[in-house]
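Have a look at the structure below, then the notes.
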Amino acid sequence: MQDDAPANDARPKNVGSRVQRLEDPRLLTGAGGFVDDIQLAHTLHVAFVRSDHAHASILSIDADAASALPGVIGIYAAEDFPVKPLHATSRMKDYQSTAITPLAQGKVRYVGEAVAAVVAETRYLAEDAAGLVDVSYAPLPDLVDPRAAAASDVLLHDGHTSNVLVSRKFTRGDVAAAFAKAPIRVKDTFRFHRKTPLAIENRSYLADFDKGKQALTLYSSTQVPGVIRDALAEVLEMPGHSVRVVAPDVGGGFGGKASLYPEELTVSLLSRLLGQPVKWTSDRLEDLLTTSQAFDETVDAELAVDSNGRMLGLKAEILGDVGAYSIYPWTAALEPMQVAGFLPGPYQLENYQAQVVAVATNKTPAGPYRGVGRPAAAFVLERLIDMAAARAGLDPVEMRRRNLVQPDQFPYRTGSGIVWDQSGFTECLAMASDGIDYSALRQERDAARQAGRWFGIGVASYAELTGIGSRMSAAPGMPINTGTETATVEIDASGAVRASFGVASHGQGLETTLAQIVADELGVAVDGVKVIHGDSAAVTHSTGTYASRSTVLAGGAAHLSGQAVRAKVKEAAAFLPETDAADLDIADGIISERGTNKTLSLKEVARAVYSEMGRFPLDMRAELDLRATKFYDPEFGTTTSATHIAAVEIDPETFIVTIKRFLAAEDCGRLINPMIVDGQVHGGIAQGIGAALYEEVVHDQNGQALSASLVDYVAPSAAETPKLEVLHLDTAALGTLGGYRGMGEGGAIGAPAAIANAIADALSHLNINISELPATPERLFRLVNAAIEGET
Amino acid sequence: MIAKRPLSLTVNGRDYQRDVEPRRLLTDLLREDLGLTGTHVGCEHGVCGACTVLLDGASARACLCLAVQADGREITTVEGMGDIGALSLLQEKFKKHHALQCGFCTPGMLATAHEILADGAPLADADIREALSGNLCRCTGYEHIVRAVSEALAESISGRVQPNAG
């Protein structure tokens with residue numbers, strides 16, 4: 001036995017370390033492979049003819065001039081693809097789904113909806129021809145305002161009873177009694193404006209139908225190759241084994257690539273029809289018109305508080321504008337229901353009632369976007385808490401400290417029924433205020449105010465469920481269950497380790513973090529583990545990466561499969577030569593026998609297993625391999641939480657908000673790779689800053705998108721983003737394998753609320769409430785002017 | 001059919017001759033005709049910066065440039081800045097500081113950062129942020145990018161390491 005061999009061979013070496021990413025060398029040298037980088041011989045290219053009406057009947061499509069152009073293969077409309085429409089079904093009472101088809105059938109319901117597909121030998125020619133296609137429309141009333149749409153007799157979808165797709169009420173406790181006795185009540189109407197996820201890589205699809213094999217491969221910039229594979233199998237009526245969806249390198253997703261898109265259906269159908277590869281890559285205009293949007297909620301909310309600042313009750317009416325279709329597979333319920341579900345936050349709040357209404361309008365369909373409903377929920381509740389704190393004469397940090405679920409109260413069932421299993425709510429609040437030196441920051445603010453500057457501090461605490469298992473649902477009653485994840489770990493005859501997952505990494509670094517787990521379990525080097533992801537053919541069943549699930553679920557499955565393969569290695573090694581498997585250690589790819597100096601490499605064991613099977617007893621050979629597939633189901637999930645603190649200054653002439661400090665203190669359980677965790681939190685915060693200050697999808701009264709370029713839809717650059725400070729609690733979560741919690745979204749949840757509170761604090765001398773985000777210079781100018789006029 | 005025009009240019013030190021339509025974008029020439037897919041297209045209207053390359057040593061938006069405008073000129077794309085196993089100083093620092101996540105904006109970010117290093121002026125973090133403000137990144141929140149560029153710039157200026165491309 002080697003003297004330096006570890007006593008406990010399962011001791012993690014890689015989990016918890018700042019391992020440099022295995023993805024990086026290819027991505028840094030231009031050697032990555034995004035969908036649009038794939039060039040297959042004889043590929044045809046698609047340009048879509050898109051609706052310039054928000055709501056209209058399609059009268060006719062004249063494609064004669066376009067068809068006559070040299071290089072044009074064909075022009076296709078809905079009737080060319082008589083497939084069965086897909087529906088995002090739900091078990092929710094009174095829910096109304098919508099038919100999802102490759103191209104618009106008879107009617108268009110938002111500006112940018114695909115009406116016809118032009119196929120040509122090059123994209124240039126396809127676009128030339130698309131410009132010649134003449135679609136005539138009969139305009140229908142544009143239903144742009146969700147309240148008007150809810151009341152309208154004009155229906156977006158035939159057969160619906162109204163444009164309300166989802167309506168639901170929650171009640172818990174005695175809300176009326178709580179409000180009746182409350183000395184302090186605060187309320188407002190809060191408006192979170194529509195956002196787009198804005199991945200820098202636009203959506204891109206390349207379908208390759210193999211006529212000989214009658215098999216389709218779709219290369220898709222998707223987060224959910226498994227979901228898309230199953231949907232394509234259904235729509236194309238092909239067996240799953242003949243449909244493969246590959247998400248290669250994907251240039252960011254943030255939820256915008258987590259749904260099925262009509263273009264994925266169309267290029268797949270076209271490739272099957274034409275027997276050639278067919279590619280479409282979105283341009284930015286198409287992205288801003290057609291990629292799923294989010295956060296479009298209006299919330300009327302009221303909070304009741306006692307004279308000690310204790311929260312007694314909360315009431316809310318949530319109106320979600322979900323756009324023209326109920327998105328597949330998540331449904332239109334996804335975001336508005338999450339607003340209601342998470343509105344009570346990480347606080348002790350026994351009395352809660354909420355009404356949720358999700359309304360279809362003539363706008364781009366809404367779908368998941370980083371945080372899903374929780375950014376709006378945190379914005380509303382955290383503003384109400386600050387408003388109540390001011391009335392109670394409490395500091396915002398103290399107000400939160402009194403109301404957060406305390407460590408001895410877990411598990412805690414919230415007013416909406418969500419159970420917080422356990423998380424560092426109070427610890428994160430303390431870590432944030434210590435980390436930023438809250439009292440010194442308050443002194444700095446007070447000194448700035450003395451000097452006439454508009455300087456404010458904002459605090460926001462939140463909690464989210466991550467890594468949700470089979471007993472929970474990402475959206476209530478949706479058609480798929482996302483609660484398990486699978487991992488296949490295998491050592492091949494060369495001794496190389498491969499670990500295959502159903503998840504799909506698009507920036508999260510899963511090729512590294514999952515390799516860290518497998519490497520520790522098997523006792524091999526991290527860069528010796530090849531992680532396969534983003535390929536529906538890699539595992540039997542998969543969905544993808546979304547909802548802060550991959551670390552918890554795939555990580556758990558990696559532990560289980562890795563352990564199973566480790567046991568197989570030891571079992572096999574015990575015969576070479578004969579020893580007791582219990583006496584074997586594995587480290588750095590070397591198997592050693594405790595108390596002896598006998599060693600064996602993993603490669604030698606692999607060779608014996610696959611090529612020298614005679615060395616093993618006959619009855620062992622039926623299961624003689626170094627491979628294991630395990631599933632992991634965390635059943636409920638785990639609670640991730642954080643407190644964010646922002647300090648801002650507002651320029652009284654330009655009304656530009658500058659973030660002076662931003663700190664997040666979070667509990668995401670055990671960190672697999674602290675460097676990657678920091679990066680995820682930074683990215684989420686930057687998107688939260690965008691949501692708070694800059695980003696807004698704007699439609700006019702006819703449903704025309706006014707924010708249709710990156711000049712008009714403003715995302716933060718490095719210059720608008722401050723230095724970001726992140727602190728971690730780093731304690732293992734209870735109830736998940738490995739002790740991990742999901743943390744891909746949280747940064748985007750806390751930041752808008754913290755910044756809104758900081759802006760309100762900076763303008764507290766004018767008694768201005770910040771109830772609308774983004775707080776653009778124009779909005780702040782109007783608020784300040786109205787306040788000043790009101791005083792005079 | 002629009003008449004094609006002859007074009008000769010140097011990309012990453014290699015000379016190319018092609019006949020292209022005058023309307024063909026430089027991004028399409030690089031990506032489709034020359035197979036240099038490291039240059040990415042994010043917006044095609046010059047805002048996001050993903051397509052940034054070095055044109056005669058200066059950063060330029062390849063999506064706003066016609067291929068014929070590059071006639072007789074010298075271009076460096078990300079493929080010419082370093083190689084797997086032989087990363088440039090900037091590429092090393094990006095890797096060390098986790099300055100990329102999905103990697104889609106990275107080639108353009110590297111081109112702009114390369115210009116910052118080539119200028120050689122010492123910059124505070126706020127100046128680096130300003131200098132990078134023409135390149136959008138949606139994943140990183142920029143924090144690690146600023147760290148990577150700052151450290152690369154400091155080492156480049158101190159002369160311990162010379163930038164090895166451009």
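Letters for chains follow the order of the structure tokens (A, B, ...), residue numbers begin at 1 for each chain, and ligand numbers begin at 1 in the order shown.
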
**Report entry** Gly742 in chain A surroundings by only C-alpha atoms, 6 Å radius, close-in-sequence under 5 positions cut, as a list in words
**Finding:**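 Near Gly742 in chain A, the qualifying residues are Thr466, Gly467, Ser548 and Arg549 of chain A.
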
Query - Contacts of Leu30 in chain B at 10 Å (only C-alpha atoms; same-chain gap of 2+ positions) as a ChimeraX atom specification - result: /B:11,25-28,32-40,62,67,75,77

Based on the selection just made, write N, CA and C atoms of those residues as a PDB file, in the first residue's frame.
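selection19.pdb, written as the output of this step:
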ATOM      1  N   VAL B  11      -6.161  36.612 -43.758  1.00  0.00           N
ATOM      2  CA  VAL B  11      -6.842  36.317 -42.497  1.00  0.00           C
ATOM      3  C   VAL B  11      -5.943  35.409 -41.668  1.00  0.00           C
ATOM      4  N   LEU B  25     -21.743  39.955 -46.490  1.00  0.00           N
ATOM      5  CA  LEU B  25     -21.154  40.493 -45.265  1.00  0.00           C
ATOM      6  C   LEU B  25     -19.826  39.813 -44.959  1.00  0.00           C
ATOM      7  N   LEU B  26     -18.967  40.561 -44.299  1.00  0.00           N
ATOM      8  CA  LEU B  26     -17.677  39.992 -43.905  1.00  0.00           C
ATOM      9  C   LEU B  26     -17.874  38.784 -42.983  1.00  0.00           C
ATOM     10  N   THR B  27     -18.900  38.862 -42.122  1.00  0.00           N
ATOM     11  CA  THR B  27     -19.162  37.717 -41.224  1.00  0.00           C
ATOM     12  C   THR B  27     -19.449  36.456 -42.029  1.00  0.00           C
ATOM     13  N   ASP B  28     -20.245  36.587 -43.084  1.00  0.00           N
ATOM     14  CA  ASP B  28     -20.578  35.404 -43.887  1.00  0.00           C
ATOM     15  C   ASP B  28     -19.358  34.893 -44.645  1.00  0.00           C
ATOM     16  N   GLU B  32     -18.730  31.269 -43.467  1.00  0.00           N
ATOM     17  CA  GLU B  32     -19.218  30.270 -44.418  1.00  0.00           C
ATOM     18  C   GLU B  32     -18.200  29.953 -45.509  1.00  0.00           C
ATOM     19  N   ASP B  33     -17.533  30.996 -46.020  1.00  0.00           N
ATOM     20  CA  ASP B  33     -16.630  30.753 -47.146  1.00  0.00           C
ATOM     21  C   ASP B  33     -15.256  30.290 -46.672  1.00  0.00           C
ATOM     22  N   LEU B  34     -14.802  30.835 -45.541  1.00  0.00           N
ATOM     23  CA  LEU B  34     -13.471  30.466 -45.065  1.00  0.00           C
ATOM     24  C   LEU B  34     -13.522  29.465 -43.914  1.00  0.00           C
ATOM     25  N   GLY B  35     -14.741  29.166 -43.415  1.00  0.00           N
ATOM     26  CA  GLY B  35     -14.876  28.166 -42.349  1.00  0.00           C
ATOM     27  C   GLY B  35     -14.374  28.633 -40.994  1.00  0.00           C
ATOM     28  N   LEU B  36     -14.216  29.943 -40.819  1.00  0.00           N
ATOM     29  CA  LEU B  36     -13.735  30.471 -39.546  1.00  0.00           C
ATOM     30  C   LEU B  36     -14.949  30.855 -38.692  1.00  0.00           C
ATOM     31  N   THR B  37     -15.547  29.834 -38.087  1.00  0.00           N
ATOM     32  CA  THR B  37     -16.822  30.050 -37.396  1.00  0.00           C
ATOM     33  C   THR B  37     -16.640  30.598 -35.980  1.00  0.00           C
ATOM     34  N   GLY B  38     -15.425  30.886 -35.607  1.00  0.00           N
ATOM     35  CA  GLY B  38     -15.206  31.494 -34.286  1.00  0.00           C
ATOM     36  C   GLY B  38     -15.763  32.899 -34.196  1.00  0.00           C
ATOM     37  N   THR B  39     -15.865  33.584 -35.325  1.00  0.00           N
ATOM     38  CA  THR B  39     -16.482  34.915 -35.333  1.00  0.00           C
ATOM     39  C   THR B  39     -17.994  34.730 -35.320  1.00  0.00           C
ATOM     40  N   HIS B  40     -18.642  35.258 -34.290  1.00  0.00           N
ATOM     41  CA  HIS B  40     -20.075  34.995 -34.109  1.00  0.00           C
ATOM     42  C   HIS B  40     -20.923  36.191 -34.504  1.00  0.00           C
ATOM     43  N   ALA B  62     -17.528  42.960 -37.795  1.00  0.00           N
ATOM     44  CA  ALA B  62     -17.578  42.238 -39.061  1.00  0.00           C
ATOM     45  C   ALA B  62     -18.990  42.178 -39.629  1.00  0.00           C
ATOM     46  N   ALA B  67     -17.803  42.199 -47.209  1.00  0.00           N
ATOM     47  CA  ALA B  67     -16.575  41.450 -47.484  1.00  0.00           C
ATOM     48  C   ALA B  67     -15.663  42.231 -48.431  1.00  0.00           C
ATOM     49  N   ILE B  75      -6.877  40.705 -41.559  1.00  0.00           N
ATOM     50  CA  ILE B  75      -7.858  40.457 -40.503  1.00  0.00           C
ATOM     51  C   ILE B  75      -7.306  39.427 -39.523  1.00  0.00           C
ATOM     52  N   THR B  77      -8.923  37.003 -36.604  1.00  0.00           N
ATOM     53  CA  THR B  77     -10.107  36.500 -35.901  1.00  0.00           C
ATOM     54  C   THR B  77      -9.627  35.737 -34.667  1.00  0.00           C
TER      55      THR B  77
END

Report task. Check the DSSP output for the backbone and give back, as a list in words, the residues of range 12-148 of chain B in strand (DSSP E or B). Result ->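 Strand (DSSP E or B) members of range 12-148 of chain B, listed: Arg14, Asp15, Tyr16, Gln17, Arg18, Asp19, Val20, Leu25, Thr52, Val53, Leu54, Leu55, Ala58, Ser59, Ala60, Arg61, Leu66, Glu74, Ile75, Thr76, Asp83 and Ala86 of chain B.
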
Could you turn the residues from that selection into a file that holds C-alpha atoms, as an mmCIF file, in the first residue's frame?
data_model
loop_
_atom_site.group_PDB
_atom_site.id
_atom_site.type_symbol
_atom_site.label_atom_id
_atom_site.label_comp_id
_atom_site.auth_asym_id
_atom_site.auth_seq_id
_atom_site.Cartn_x
_atom_site.Cartn_y
_atom_site.Cartn_z
ATOM 1 C CA ARG B 14 -3.009 33.369 -44.588
ATOM 2 C CA ASP B 15 -3.876 34.854 -47.993
ATOM 3 C CA TYR B 16 -7.245 34.134 -49.551
ATOM 4 C CA GLN B 17 -8.737 34.916 -52.972
ATOM 5 C CA ARG B 18 -12.489 34.657 -53.407
ATOM 6 C CA ASP B 19 -15.197 35.951 -55.716
ATOM 7 C CA VAL B 20 -18.069 37.394 -53.723
ATOM 8 C CA LEU B 25 -21.154 40.493 -45.265
ATOM 9 C CA THR B 52 -15.743 41.989 -33.490
ATOM 10 C CA VAL B 53 -12.503 41.172 -35.333
ATOM 11 C CA LEU B 54 -9.249 43.029 -35.811
ATOM 12 C CA LEU B 55 -9.092 44.782 -39.182
ATOM 13 C CA ALA B 58 -8.084 47.829 -35.065
ATOM 14 C CA SER B 59 -11.323 46.377 -33.704
ATOM 15 C CA ALA B 60 -14.152 46.327 -36.241
ATOM 16 C CA ARG B 61 -17.679 44.959 -36.423
ATOM 17 C CA LEU B 66 -19.024 44.115 -46.461
ATOM 18 C CA GLU B 74 -5.434 42.055 -42.930
ATOM 19 C CA ILE B 75 -7.858 40.457 -40.503
ATOM 20 C CA THR B 76 -7.281 38.661 -37.241
ATOM 21 C CA ASP B 83 -4.726 27.730 -29.970
ATOM 22 C CA ALA B 86 -1.154 27.433 -26.720
#

Could you build a table of the residues in chain B lying no more than 6 Å from chain A, giving for each the nearest pair of atoms and their separation in Å rounded to one decimal place, using only C-alpha atoms, ordered by chain and ascending residue number, as CSV?
residue,atom,partner,partner_atom,distance
B:Thr37,CA,A:Asp37,CA,5.6
B:Gly38,CA,A:Gly30,CA,3.7
B:Gly42,CA,A:Ile200,CA,5.5
B:Cys43,CA,A:Arg284,CA,4.9
B:Val78,CA,A:Gly30,CA,5.7
B:Glu79,CA,A:Gly30,CA,5.4
B:Asp83,CA,A:Thr29,CA,5.7
B:Ile84,CA,A:Pro25,CA,5.4
B:Gln101,CA,A:Gly507,CA,4.2
B:Cys102,CA,A:Gly507,CA,3.6
B:Gly103,CA,A:Leu27,CA,5.4
B:Phe104,CA,A:Gly251,CA,5.0
B:Arg129,CA,A:Ala719,CA,4.8
B:Glu130,CA,A:Ala719,CA,5.0
B:Ser133,CA,A:Ser717,CA,5.2
B:Leu136,CA,A:Ser717,CA,5.6
B:Cys139,CA,A:Gly683,CA,4.8
B:Thr140,CA,A:Gly683,CA,4.4
B:Gly141,CA,A:Gly683,CA,4.2
B:Tyr142,CA,A:Ala718,CA,5.6

Requested in this report: State, in Å with one decimal place, the distance from CA of Ala390 in chain A to CA of Gly345 in chain A.
Outcome: 19.4 Å

Requested in this report: Identify all residues of range 381-594 of chain A in helix (DSSP H, G or I) (DSSP on the backbone) and supply them as a PyMOL selection string.
Outcome: chain A and resi 381-392+396-403+407-409+425-435+438-450+510-522+526-528+550-573+581-583

Requested in this report: Quick one: everything within 9 Å of range 398-412 of chain A, counting only C-alpha atoms, minus sequence neighbours fewer than 3 positions away in the same chain. Send it as a PyMOL selection string.
Outcome: chain A and resi 308-311+345-349+385-386+388-389+392+394-395+418-427+429-430+460-461

With N, CA and C atoms retained, write the just-selected residues as a tab-separated table (two decimals), in the first residue's frame.
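Writing done, so here's result_1.tsv:
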chain	number	residue	atom	x	y	z
A	308	ASN	N	-45.23	46.35	15.89
A	308	ASN	CA	-43.83	45.92	16.05
A	308	ASN	C	-43.20	45.53	14.73
A	309	GLY	N	-43.92	45.75	13.65
A	309	GLY	CA	-43.38	45.40	12.34
A	309	GLY	C	-43.59	43.95	11.97
A	310	ARG	N	-44.40	43.23	12.70
A	310	ARG	CA	-44.67	41.82	12.37
A	310	ARG	C	-45.68	41.74	11.23
A	311	MET	N	-45.34	40.96	10.23
A	311	MET	CA	-46.26	40.83	9.09
A	311	MET	C	-47.42	39.92	9.48
A	345	GLY	N	-42.76	34.96	0.13
A	345	GLY	CA	-41.33	35.09	0.38
A	345	GLY	C	-40.84	34.23	1.53
A	346	PRO	N	-39.65	34.56	2.05
A	346	PRO	CA	-39.04	33.74	3.10
A	346	PRO	C	-39.51	34.15	4.50
A	347	TYR	N	-40.72	34.67	4.59
A	347	TYR	CA	-41.17	35.28	5.85
A	347	TYR	C	-42.24	34.45	6.54
A	348	GLN	N	-42.36	34.71	7.86
A	348	GLN	CA	-43.45	34.12	8.65
A	348	GLN	C	-44.71	34.92	8.32
A	349	LEU	N	-45.59	34.30	7.60
A	349	LEU	CA	-46.77	35.02	7.14
A	349	LEU	C	-47.89	34.00	7.02
A	385	ILE	N	-42.61	45.66	2.17
A	385	ILE	CA	-41.93	45.57	3.47
A	385	ILE	C	-41.24	46.90	3.80
A	386	ASP	N	-40.58	47.50	2.81
A	386	ASP	CA	-39.93	48.79	3.07
A	386	ASP	C	-40.96	49.87	3.38
A	388	ALA	N	-43.84	49.39	4.76
A	388	ALA	CA	-44.35	49.12	6.12
A	388	ALA	C	-43.30	49.47	7.17
A	389	ALA	N	-42.03	49.18	6.85
A	389	ALA	CA	-40.96	49.49	7.80
A	389	ALA	C	-40.92	50.99	8.09
A	392	ALA	N	-43.66	51.77	10.42
A	392	ALA	CA	-43.42	51.23	11.76
A	392	ALA	C	-42.19	51.86	12.41
A	394	LEU	N	-39.10	51.30	11.55
A	394	LEU	CA	-38.04	50.28	11.66
A	394	LEU	C	-37.07	50.40	10.49
A	395	ASP	N	-35.82	50.06	10.77
A	395	ASP	CA	-34.85	49.95	9.70
A	395	ASP	C	-35.21	48.74	8.82
A	418	ILE	N	-46.09	26.36	-0.33
A	418	ILE	CA	-44.71	25.92	-0.57
A	418	ILE	C	-44.03	25.68	0.77
A	419	VAL	N	-43.24	24.61	0.83
A	419	VAL	CA	-42.55	24.29	2.08
A	419	VAL	C	-41.07	24.63	1.94
A	420	TRP	N	-40.59	25.52	2.81
A	420	TRP	CA	-39.14	25.80	2.88
A	420	TRP	C	-38.54	24.73	3.79
A	421	ASP	N	-37.76	23.82	3.22
A	421	ASP	CA	-37.25	22.71	4.03
A	421	ASP	C	-36.26	23.19	5.08
A	422	GLN	N	-35.34	24.01	4.65
A	422	GLN	CA	-34.35	24.58	5.56
A	422	GLN	C	-33.45	25.43	4.69
A	423	SER	N	-33.05	26.59	5.18
A	423	SER	CA	-32.14	27.43	4.41
A	423	SER	C	-31.66	28.56	5.30
A	424	GLY	N	-30.58	29.21	4.92
A	424	GLY	CA	-29.98	30.23	5.78
A	424	GLY	C	-30.60	31.62	5.60
A	425	PHE	N	-31.91	31.74	5.85
A	425	PHE	CA	-32.56	33.03	5.64
A	425	PHE	C	-31.93	34.13	6.50
A	426	THR	N	-31.94	33.90	7.82
A	426	THR	CA	-31.44	34.94	8.73
A	426	THR	C	-29.92	35.06	8.61
A	427	GLU	N	-29.27	33.92	8.35
A	427	GLU	CA	-27.81	33.95	8.20
A	427	GLU	C	-27.39	34.80	7.00
A	429	LEU	N	-29.09	37.28	5.67
A	429	LEU	CA	-29.35	38.70	5.99
A	429	LEU	C	-28.19	39.27	6.82
A	430	ALA	N	-27.77	38.49	7.81
A	430	ALA	CA	-26.68	38.96	8.67
A	430	ALA	C	-25.37	39.05	7.88
A	460	ALA	N	-33.06	43.39	-0.13
A	460	ALA	CA	-34.10	42.44	-0.55
A	460	ALA	C	-33.68	41.04	-0.16
A	461	SER	N	-34.60	40.31	0.45
A	461	SER	CA	-34.37	38.90	0.77
A	461	SER	C	-35.37	38.07	-0.03
